[in-house]
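One structure below.
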2 protein chains.
Amino acid sequence: MANSDSGESVTERIVRVLETFTPTRTVQTAAEIGRRTGLPPSTAHRIVGDLIEAGLLERDDDRRVRIGLRLWELATRSSHALRLRQLAMPAMERVQARIREHTQLAILEQDEALFLERLSGPDSGSNVTRIAGRLPVHASSSGLVLLAFADRDLQERILAGKLARVAPETITDAGVLRRKLAEVRRLGHAVAPGYIESVATGVAVPVRDETGTVTAALSVVLPREAAVDPALVELHRAAREIERALGFRG
Amino acid sequence: MANSDSGESVTERIVRVLETFTPTRTVQTAAEIGRRTGLPPSTAHRIVGDLIEAGLLERDDDRRVRIGLRLWELATRSSHALRLRQLAMPAMERVQARIREHTQLAILEQDEALFLERLSGPDSGSNVTRIAGRLPVHASSSGLVLLAFADRDLQERILAGKLARVAPETITDAGVLRRKLAEVRRLGHAVAPGYIESVATGVAVPVRDETGTVTAALSVVLPREAAVDPALVELHRAAREIERALGFRG
DNA sequence: GCGCTGATTCCCATTGGGTGGGAATCGGAT
DNA sequence: ATCCGATTCCCACCCAATGGGAATCAGCGC
């Protein structure tokens, strides 16, 4: 920017401003945004003002700022995530109706599992997942499936890195994780008992696209001691249905 | 911008670039974007490059450009549209399961009905609606509900403007529309037979938030000559459920 | 009411990043 | 091989963005 000491582009700054919004912090004041981005107050106010004028942000009743509908609209109406989501929805609804627990769809994005959709019944149990939220690949059942079928170098990168302990039973040892991934490949599904939350077990299966590549993971979150087999049957059936919609002829 | 002859901000330009993407045109080349935005080729390429670096756009396998996942993520994870959608989903799923036709949720946005969600069964009929898509308020059943319960000046603005004919039976006369809106208010729901597509009838009911204001419309799209009463019963039941979730005590 | 604190707006001299024309290069068709 | 369009590279120009600072506003506690 003109006279900017940081030497970054306007685009970067806009992204930085947008990134101060999280699932748990959906409204903030312009000054907060300034502090969190490290931008000078007057600059932060001006950028926020610009974004509001453009419709990417909105002003609250109480002059606080939140993500604008226009941004959601722009992002949603032509995102390719939407295509997958849309094709998967009918199958996901069936799983949700039969199993009556959280049913979710995730893809791999920047070394993490990004959740595109989550269906929850009124009687579903605990679940930390959020739509557009992320979970580490080594801890979530969806992540384990995505990682097990990902390219070798991603696997090695994850295995070489730090495996954060999300819950007491999260796999944090590279050797254990390596064996777990082999098991996932052999069985064709992942079971993650208590890896994310002690009270829950994640069960996930892969979804392949028309090239046969695993592009997504379909999963349910069960109470810790529930039987996984009925869920697995439903998940596999649903995954096949989604794969057919995607054009995969397995 | 520095040396820009148009005198518009970078933010505006970014929005203009993003707006060249539509539900039917989800990938384009940088040059196409330049032509559609009217930006000089080199400028268009630079801005597209910036946006790709920031993750808001993505490069195709074939160096074409599409909306990036990061944008979807930023927009979705803290949009307040999501709250409404999330709260409405269980009720919408029930309607979809019972009626087995397109079930959709719309809100008022910039004088149009903006569709936040649409559930469709495999056997659902024709439907032009898309998620994050828009329909005119005077033609869609959702729009009629939203308009009927909107403030007076929006109503007058729509009535004074041109009422586009979307299908042969669309209401295009201000007087007829005025009476229709009165009917919607009296009955508490809207029926739009053939207003959008000749073969379909839209049926919509209002959804009120905790302040009693109509914030959304819940609707189904039925085959033209199907009975509307069973759908209305389900829609009203679902709307009440959503309203309870929103905190409305009617 | 009266200060205090922080958010927000206003002002303005400074300047460096954005701009866009043009040329070169790449790449896919025919 | 030869177009033709897309894309990248280059670079002089210069104005919009910048951010420090002061003024104003808003809420809160006393």
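Chain identifiers are assigned as A, B, and so on, following the order in which chains appear in the structure tokens; residues are numbered from 1 within each chain, and ligands are numbered from 1 in order of appearance.
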
message = Based on the backbone DSSP call, show me all residues of region 9-203 of chain A assigned strand (DSSP E or B), as a ChimeraX atom specification.
response = /A:22,25,27-28,57-59,65-67,102-109,112-119,134-136,190-193,200-203

Can you write out the residues you just picked, keeping N, CA and C atoms, as an mmCIF file, in the first residue's frame?
```cif
data_model
loop_
_atom_site.group_PDB
_atom_site.id
_atom_site.type_symbol
_atom_site.label_atom_id
_atom_site.label_comp_id
_atom_site.auth_asym_id
_atom_site.auth_seq_id
_atom_site.Cartn_x
_atom_site.Cartn_y
_atom_site.Cartn_z
ATOM 1 N N THR A 22 -14.503 -15.806 13.524
ATOM 2 C CA THR A 22 -14.444 -17.252 13.732
ATOM 3 C C THR A 22 -15.851 -17.745 14.060
ATOM 4 N N ARG A 25 -16.743 -16.192 17.233
ATOM 5 C CA ARG A 25 -16.701 -14.735 17.348
ATOM 6 C C ARG A 25 -17.225 -14.159 16.046
ATOM 7 N N VAL A 27 -19.362 -11.458 15.708
ATOM 8 C CA VAL A 27 -19.501 -10.003 15.655
ATOM 9 C C VAL A 27 -18.394 -9.346 16.467
ATOM 10 N N GLN A 28 -17.845 -8.271 15.948
ATOM 11 C CA GLN A 28 -16.804 -7.548 16.654
ATOM 12 C C GLN A 28 -16.927 -6.064 16.296
ATOM 13 N N LEU A 57 -19.151 -7.033 4.490
ATOM 14 C CA LEU A 57 -19.439 -7.012 5.919
ATOM 15 C C LEU A 57 -20.738 -6.244 6.130
ATOM 16 N N GLU A 58 -21.311 -6.439 7.320
ATOM 17 C CA GLU A 58 -22.551 -5.732 7.645
ATOM 18 C C GLU A 58 -22.433 -5.094 9.016
ATOM 19 N N ARG A 59 -23.193 -3.991 9.204
ATOM 20 C CA ARG A 59 -23.232 -3.355 10.519
ATOM 21 C C ARG A 59 -24.396 -3.908 11.302
ATOM 22 N N VAL A 65 -19.776 -5.204 13.856
ATOM 23 C CA VAL A 65 -19.575 -5.683 12.490
ATOM 24 C C VAL A 65 -19.684 -7.204 12.400
ATOM 25 N N ARG A 66 -20.284 -7.676 11.339
ATOM 26 C CA ARG A 66 -20.339 -9.124 11.114
ATOM 27 C C ARG A 66 -20.217 -9.416 9.627
ATOM 28 N N ILE A 67 -20.021 -10.679 9.310
ATOM 29 C CA ILE A 67 -19.903 -11.102 7.915
ATOM 30 C C ILE A 67 -21.207 -10.832 7.174
ATOM 31 N N HIS A 102 -25.437 -37.343 14.442
ATOM 32 C CA HIS A 102 -24.796 -36.372 13.562
ATOM 33 C C HIS A 102 -24.210 -37.059 12.333
ATOM 34 N N THR A 103 -24.524 -36.536 11.184
ATOM 35 C CA THR A 103 -24.014 -37.079 9.929
ATOM 36 C C THR A 103 -23.260 -35.961 9.238
ATOM 37 N N GLN A 104 -22.004 -36.220 8.849
ATOM 38 C CA GLN A 104 -21.226 -35.111 8.319
ATOM 39 C C GLN A 104 -20.382 -35.474 7.114
ATOM 40 N N LEU A 105 -20.072 -34.454 6.332
ATOM 41 C CA LEU A 105 -19.315 -34.627 5.104
ATOM 42 C C LEU A 105 -18.084 -33.732 5.191
ATOM 43 N N ALA A 106 -16.905 -34.323 4.947
ATOM 44 C CA ALA A 106 -15.674 -33.539 5.071
ATOM 45 C C ALA A 106 -14.783 -33.754 3.866
ATOM 46 N N ILE A 107 -13.960 -32.765 3.570
ATOM 47 C CA ILE A 107 -12.943 -32.901 2.537
ATOM 48 C C ILE A 107 -11.602 -32.471 3.127
ATOM 49 N N LEU A 108 -10.553 -32.776 2.385
ATOM 50 C CA LEU A 108 -9.216 -32.406 2.821
ATOM 51 C C LEU A 108 -8.926 -30.990 2.340
ATOM 52 N N GLU A 109 -8.440 -30.151 3.234
ATOM 53 C CA GLU A 109 -8.149 -28.782 2.853
ATOM 54 C C GLU A 109 -7.029 -28.263 3.736
ATOM 55 N N GLU A 112 -6.027 -30.282 6.813
ATOM 56 C CA GLU A 112 -7.027 -30.505 7.845
ATOM 57 C C GLU A 112 -8.311 -31.016 7.206
ATOM 58 N N ALA A 113 -9.176 -31.569 8.035
ATOM 59 C CA ALA A 113 -10.486 -31.995 7.549
ATOM 60 C C ALA A 113 -11.436 -30.812 7.664
ATOM 61 N N LEU A 114 -11.978 -30.389 6.512
ATOM 62 C CA LEU A 114 -12.910 -29.255 6.494
ATOM 63 C C LEU A 114 -14.320 -29.810 6.318
ATOM 64 N N PHE A 115 -15.214 -29.452 7.219
ATOM 65 C CA PHE A 115 -16.563 -30.007 7.189
ATOM 66 C C PHE A 115 -17.504 -29.150 6.343
ATOM 67 N N LEU A 116 -18.023 -29.789 5.296
ATOM 68 C CA LEU A 116 -18.890 -29.065 4.359
ATOM 69 C C LEU A 116 -20.329 -29.047 4.828
ATOM 70 N N GLU A 117 -20.733 -30.086 5.526
ATOM 71 C CA GLU A 117 -22.125 -30.169 5.932
ATOM 72 C C GLU A 117 -22.253 -31.035 7.164
ATOM 73 N N ARG A 118 -23.234 -30.721 7.942
ATOM 74 C CA ARG A 118 -23.530 -31.532 9.112
ATOM 75 C C ARG A 118 -25.023 -31.555 9.335
ATOM 76 N N LEU A 119 -25.584 -32.734 9.407
ATOM 77 C CA LEU A 119 -26.998 -32.877 9.724
ATOM 78 C C LEU A 119 -27.114 -33.432 11.129
ATOM 79 N N ARG A 134 -13.071 -26.959 11.097
ATOM 80 C CA ARG A 134 -11.999 -27.895 10.765
ATOM 81 C C ARG A 134 -11.655 -28.765 11.960
ATOM 82 N N LEU A 135 -11.142 -29.941 11.667
ATOM 83 C CA LEU A 135 -10.586 -30.798 12.696
ATOM 84 C C LEU A 135 -9.277 -31.370 12.166
ATOM 85 N N PRO A 136 -8.330 -31.670 13.065
ATOM 86 C CA PRO A 136 -7.061 -32.244 12.615
ATOM 87 C C PRO A 136 -7.281 -33.615 11.980
ATOM 88 N N ALA A 190 -12.875 -45.886 8.932
ATOM 89 C CA ALA A 190 -12.141 -45.508 10.139
ATOM 90 C C ALA A 190 -13.086 -45.419 11.333
ATOM 91 N N VAL A 191 -12.613 -45.911 12.458
ATOM 92 C CA VAL A 191 -13.359 -45.768 13.709
ATOM 93 C C VAL A 191 -12.455 -45.021 14.681
ATOM 94 N N ALA A 192 -12.973 -43.947 15.247
ATOM 95 C CA ALA A 192 -12.160 -43.106 16.123
ATOM 96 C C ALA A 192 -12.837 -42.963 17.484
ATOM 97 N N PRO A 193 -12.605 -43.929 18.365
ATOM 98 C CA PRO A 193 -13.279 -43.891 19.673
ATOM 99 C C PRO A 193 -12.606 -42.929 20.637
ATOM 100 N N ALA A 200 -17.587 -39.674 22.669
ATOM 101 C CA ALA A 200 -18.094 -39.957 21.330
ATOM 102 C C ALA A 200 -17.134 -40.801 20.498
ATOM 103 N N THR A 201 -17.712 -41.559 19.582
ATOM 104 C CA THR A 201 -16.921 -42.335 18.630
ATOM 105 C C THR A 201 -17.273 -41.893 17.217
ATOM 106 N N GLY A 202 -16.285 -41.516 16.437
ATOM 107 C CA GLY A 202 -16.514 -41.150 15.050
ATOM 108 C C GLY A 202 -16.334 -42.363 14.160
ATOM 109 N N VAL A 203 -17.190 -42.482 13.153
ATOM 110 C CA VAL A 203 -17.085 -43.570 12.180
ATOM 111 C C VAL A 203 -17.154 -42.945 10.799
#
```

task = Give the residues of chain D that lie within 7 Å of chain A; count only C-alpha atoms (C1' of nucleotides), and format the answer as an NGL selection string.
result = :D and (17-19)

request  = For C1' of DC4 (chain C) and C1' of DG27 (chain D), quote the distance in Å rounded to one decimal.
outcome  =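 Separating C1' of DC4 (chain C) from C1' of DG27 (chain D) is a distance of 10.5 Å.
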
request  = Counting only C-alpha atoms, collect the residues of chain A whose closest atom lies at most 6 Å from chain B, and write them out as a PyMOL selection string.
outcome  = chain A and resi 23+26+67+71-73+75+77-79+132

Written selection (C-alpha atoms) as a short mmCIF file (atom, residue, chain, number, x, y, z; two decimals), in the first residue's frame:
```
data_model
loop_
_atom_site.label_atom_id
_atom_site.label_comp_id
_atom_site.auth_asym_id
_atom_site.auth_seq_id
_atom_site.Cartn_x
_atom_site.Cartn_y
_atom_site.Cartn_z
CA PRO A 23 -17.35 -19.59 14.41
CA THR A 26 -19.15 -13.66 14.71
CA ILE A 67 -19.90 -11.10 7.92
CA LEU A 71 -20.20 -12.60 0.92
CA TRP A 72 -22.05 -15.79 1.74
CA GLU A 73 -23.99 -15.44 -1.47
CA ALA A 75 -19.09 -17.76 -2.03
CA ARG A 77 -23.48 -19.78 -5.35
CA SER A 78 -20.52 -20.98 -7.33
CA SER A 79 -18.37 -22.94 -4.96
CA ALA A 132 -17.07 -24.76 7.66
#
```
